[in-house]
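Report on the structure given below.
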Amino acid sequence: MTEQLRVVVADDHYLVREGVRRALLSDGSIDVIAVVRDAAELELVVDREGPDVVVTDIRMPPGHSTEGIEAAHRIREKHNNIGIVVLSQYNDATYAMDLLRNGTAGMAYLLKERIGNPRALLEAVTEVASGGSRIDPDVVASLVHAGRSSSRLADLTGREREVLALMAQGRTNAAVGEELHLSESSIEKYVSSVFAKLGLADEPHVHRRVAAVLTYLQDQQSAQPLEG
């Protein structure tokens, strides 16, 4: 029997917590080891239990701001092997950019409406547990609308697509250069070209990088649509 993934769920609303818990338990591959109500309790449980994945709301007490995202970053600083799935009712790419500011590996951002489709949530949990990424298609669409469609990836050269794929793994320019046996300055030129071809030349640097990665992830997800 395949070993179950150990998951901690955090949300301050009982009905949402219960909905997430039931969705995760629906096919027997996941063990929900704890359910908590706020970010502080989440971090304590994670330190104590060492789960494979955390599924957390974006807004929780005390401030109902971005406690879930900030907790996710603190957790990853201490436990870089734990996957993170952030659930949000907000179709706002700014939150996704904030979540992915240090890289995309092992991170997922889903809208809460996906709780009604257990398969989507289960796939996201499985994906981040193995170091992958999953971004809600509706959130990606809100970011890359107005001409920033994944079809622009067709304009990239083979090398530019390789660079973008490695960026999507959360690698720095130096790490991408090491993987491809190219200088960091060469990678910077490829990255600048990717930004230009995706229509991101005028965006702040960190937003360009995340937007480019989200465009790549959208293209990958469209090739493997969610079930359900």
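Labeling convention for the structure tokens: chains A, B, ... as they appear, residues from 1 per chain, ligands from 1 in order of appearance.
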
Based on the backbone DSSP call, show me all residues of region 22-175 of chain A assigned strand (DSSP E or B), as an NGL selection string. :A and (30-36 or 53-57 or 83-88 or 107-111 or 134-135)

Take the residues just selected and output them with N, CA, C and O atoms as an mmCIF file, in the first residue's frame.
data_model
loop_
_atom_site.group_PDB
_atom_site.id
_atom_site.type_symbol
_atom_site.label_atom_id
_atom_site.label_comp_id
_atom_site.auth_asym_id
_atom_site.auth_seq_id
_atom_site.Cartn_x
_atom_site.Cartn_y
_atom_site.Cartn_z
ATOM 1 N N ILE A 30 -4.515 10.373 1.494
ATOM 2 C CA ILE A 30 -4.062 11.462 2.355
ATOM 3 C C ILE A 30 -4.544 11.241 3.782
ATOM 4 O O ILE A 30 -5.685 10.843 4.018
ATOM 5 N N ASP A 31 -3.660 11.529 4.733
ATOM 6 C CA ASP A 31 -3.986 11.482 6.155
ATOM 7 C C ASP A 31 -3.951 12.915 6.685
ATOM 8 O O ASP A 31 -2.888 13.541 6.710
ATOM 9 N N VAL A 32 -5.099 13.458 7.054
ATOM 10 C CA VAL A 32 -5.158 14.804 7.639
ATOM 11 C C VAL A 32 -4.805 14.662 9.116
ATOM 12 O O VAL A 32 -5.611 14.205 9.926
ATOM 13 N N ILE A 33 -3.588 15.056 9.464
ATOM 14 C CA ILE A 33 -3.086 14.797 10.815
ATOM 15 C C ILE A 33 -3.460 15.898 11.808
ATOM 16 O O ILE A 33 -3.384 15.685 13.024
ATOM 17 N N ALA A 34 -3.867 17.084 11.300
ATOM 18 C CA ALA A 34 -4.276 18.165 12.198
ATOM 19 C C ALA A 34 -5.078 19.190 11.419
ATOM 20 O O ALA A 34 -4.859 19.393 10.216
ATOM 21 N N VAL A 35 -6.016 19.830 12.116
ATOM 22 C CA VAL A 35 -6.825 20.916 11.560
ATOM 23 C C VAL A 35 -6.760 22.068 12.551
ATOM 24 O O VAL A 35 -7.108 21.892 13.724
ATOM 25 N N VAL A 36 -6.311 23.250 12.084
ATOM 26 C CA VAL A 36 -6.094 24.383 12.994
ATOM 27 C C VAL A 36 -6.827 25.617 12.487
ATOM 28 O O VAL A 36 -7.300 25.656 11.343
ATOM 29 N N VAL A 53 2.585 18.177 3.599
ATOM 30 C CA VAL A 53 1.931 19.295 2.917
ATOM 31 C C VAL A 53 1.093 20.089 3.918
ATOM 32 O O VAL A 53 0.499 19.517 4.834
ATOM 33 N N VAL A 54 1.050 21.398 3.710
ATOM 34 C CA VAL A 54 0.160 22.291 4.443
ATOM 35 C C VAL A 54 -0.868 22.853 3.469
ATOM 36 O O VAL A 54 -0.512 23.295 2.372
ATOM 37 N N VAL A 55 -2.137 22.815 3.846
ATOM 38 C CA VAL A 55 -3.204 23.460 3.078
ATOM 39 C C VAL A 55 -3.748 24.577 3.955
ATOM 40 O O VAL A 55 -4.291 24.316 5.025
ATOM 41 N N THR A 56 -3.578 25.828 3.518
ATOM 42 C CA THR A 56 -3.928 26.945 4.384
ATOM 43 C C THR A 56 -4.755 28.009 3.673
ATOM 44 O O THR A 56 -4.577 28.259 2.475
ATOM 45 N N ASP A 57 -5.641 28.632 4.440
ATOM 46 C CA ASP A 57 -6.372 29.800 3.964
ATOM 47 C C ASP A 57 -5.383 30.951 3.822
ATOM 48 O O ASP A 57 -4.348 30.991 4.489
ATOM 49 N N GLY A 83 5.394 20.863 1.183
ATOM 50 C CA GLY A 83 4.600 21.483 0.138
ATOM 51 C C GLY A 83 3.549 22.412 0.735
ATOM 52 O O GLY A 83 3.063 22.171 1.842
ATOM 53 N N ILE A 84 3.210 23.450 -0.004
ATOM 54 C CA ILE A 84 2.243 24.441 0.466
ATOM 55 C C ILE A 84 1.133 24.614 -0.560
ATOM 56 O O ILE A 84 1.403 24.867 -1.741
ATOM 57 N N VAL A 85 -0.117 24.495 -0.118
ATOM 58 C CA VAL A 85 -1.279 24.826 -0.947
ATOM 59 C C VAL A 85 -2.026 25.953 -0.250
ATOM 60 O O VAL A 85 -2.516 25.781 0.865
ATOM 61 N N VAL A 86 -2.096 27.113 -0.889
ATOM 62 C CA VAL A 86 -2.839 28.246 -0.341
ATOM 63 C C VAL A 86 -4.209 28.304 -1.020
ATOM 64 O O VAL A 86 -4.302 28.285 -2.252
ATOM 65 N N LEU A 87 -5.247 28.354 -0.210
ATOM 66 C CA LEU A 87 -6.609 28.474 -0.721
ATOM 67 C C LEU A 87 -7.104 29.901 -0.504
ATOM 68 O O LEU A 87 -6.917 30.467 0.575
ATOM 69 N N SER A 88 -7.731 30.469 -1.523
ATOM 70 C CA SER A 88 -8.192 31.849 -1.414
ATOM 71 C C SER A 88 -9.511 32.021 -2.144
ATOM 72 O O SER A 88 -9.768 31.380 -3.156
ATOM 73 N N MET A 107 4.799 24.821 -4.427
ATOM 74 C CA MET A 107 3.790 25.820 -4.077
ATOM 75 C C MET A 107 2.558 25.695 -4.973
ATOM 76 O O MET A 107 2.680 25.443 -6.178
ATOM 77 N N ALA A 108 1.379 25.902 -4.386
ATOM 78 C CA ALA A 108 0.143 25.919 -5.166
ATOM 79 C C ALA A 108 -0.769 27.018 -4.641
ATOM 80 O O ALA A 108 -0.793 27.298 -3.438
ATOM 81 N N TYR A 109 -1.510 27.628 -5.544
ATOM 82 C CA TYR A 109 -2.479 28.669 -5.190
ATOM 83 C C TYR A 109 -3.781 28.312 -5.885
ATOM 84 O O TYR A 109 -3.855 28.306 -7.115
ATOM 85 N N LEU A 110 -4.808 27.985 -5.095
ATOM 86 C CA LEU A 110 -6.088 27.583 -5.646
ATOM 87 C C LEU A 110 -7.203 28.443 -5.084
ATOM 88 O O LEU A 110 -7.150 28.886 -3.934
ATOM 89 N N LEU A 111 -8.234 28.657 -5.885
ATOM 90 C CA LEU A 111 -9.432 29.330 -5.387
ATOM 91 C C LEU A 111 -10.240 28.350 -4.548
ATOM 92 O O LEU A 111 -10.288 27.153 -4.832
ATOM 93 N N ARG A 134 1.239 24.307 -8.766
ATOM 94 C CA ARG A 134 -0.114 24.315 -9.320
ATOM 95 C C ARG A 134 -0.725 25.681 -9.044
ATOM 96 O O ARG A 134 -0.824 26.095 -7.892
ATOM 97 N N ILE A 135 -1.105 26.396 -10.096
ATOM 98 C CA ILE A 135 -1.738 27.696 -9.958
ATOM 99 C C ILE A 135 -3.127 27.615 -10.574
ATOM 100 O O ILE A 135 -3.302 27.088 -11.678
#

Within 12 Å of Ala120 (chain A), counting only C-alpha atoms, which residues qualify if same-chain residues fewer than 3 places away don't, as a PyMOL selection string? chain A and resi 20+23-24+26+85+87+108-117+123-127+134-137+221+224-228

Work out how far CA of Val210 (chain A) is from CA of Thr66 (chain A), in Å to one decimal. 18.2 Å

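The smallest atom-to-atom distance between Leu42 (chain A) and any of A:Ala211, A:Met60, A:Ala168, A:Met97, using only C-alpha atoms, is found for A:Met60.
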
Which is closest to Thr172 (chain A) among A:Glu160, A:Asp27, A:Asp92, A:Glu188, if we use only C-alpha atoms? A:Glu188

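We find CA of Leu153 (chain A) and CA of Thr215 (chain A) to be spaced 8.1 Å apart.
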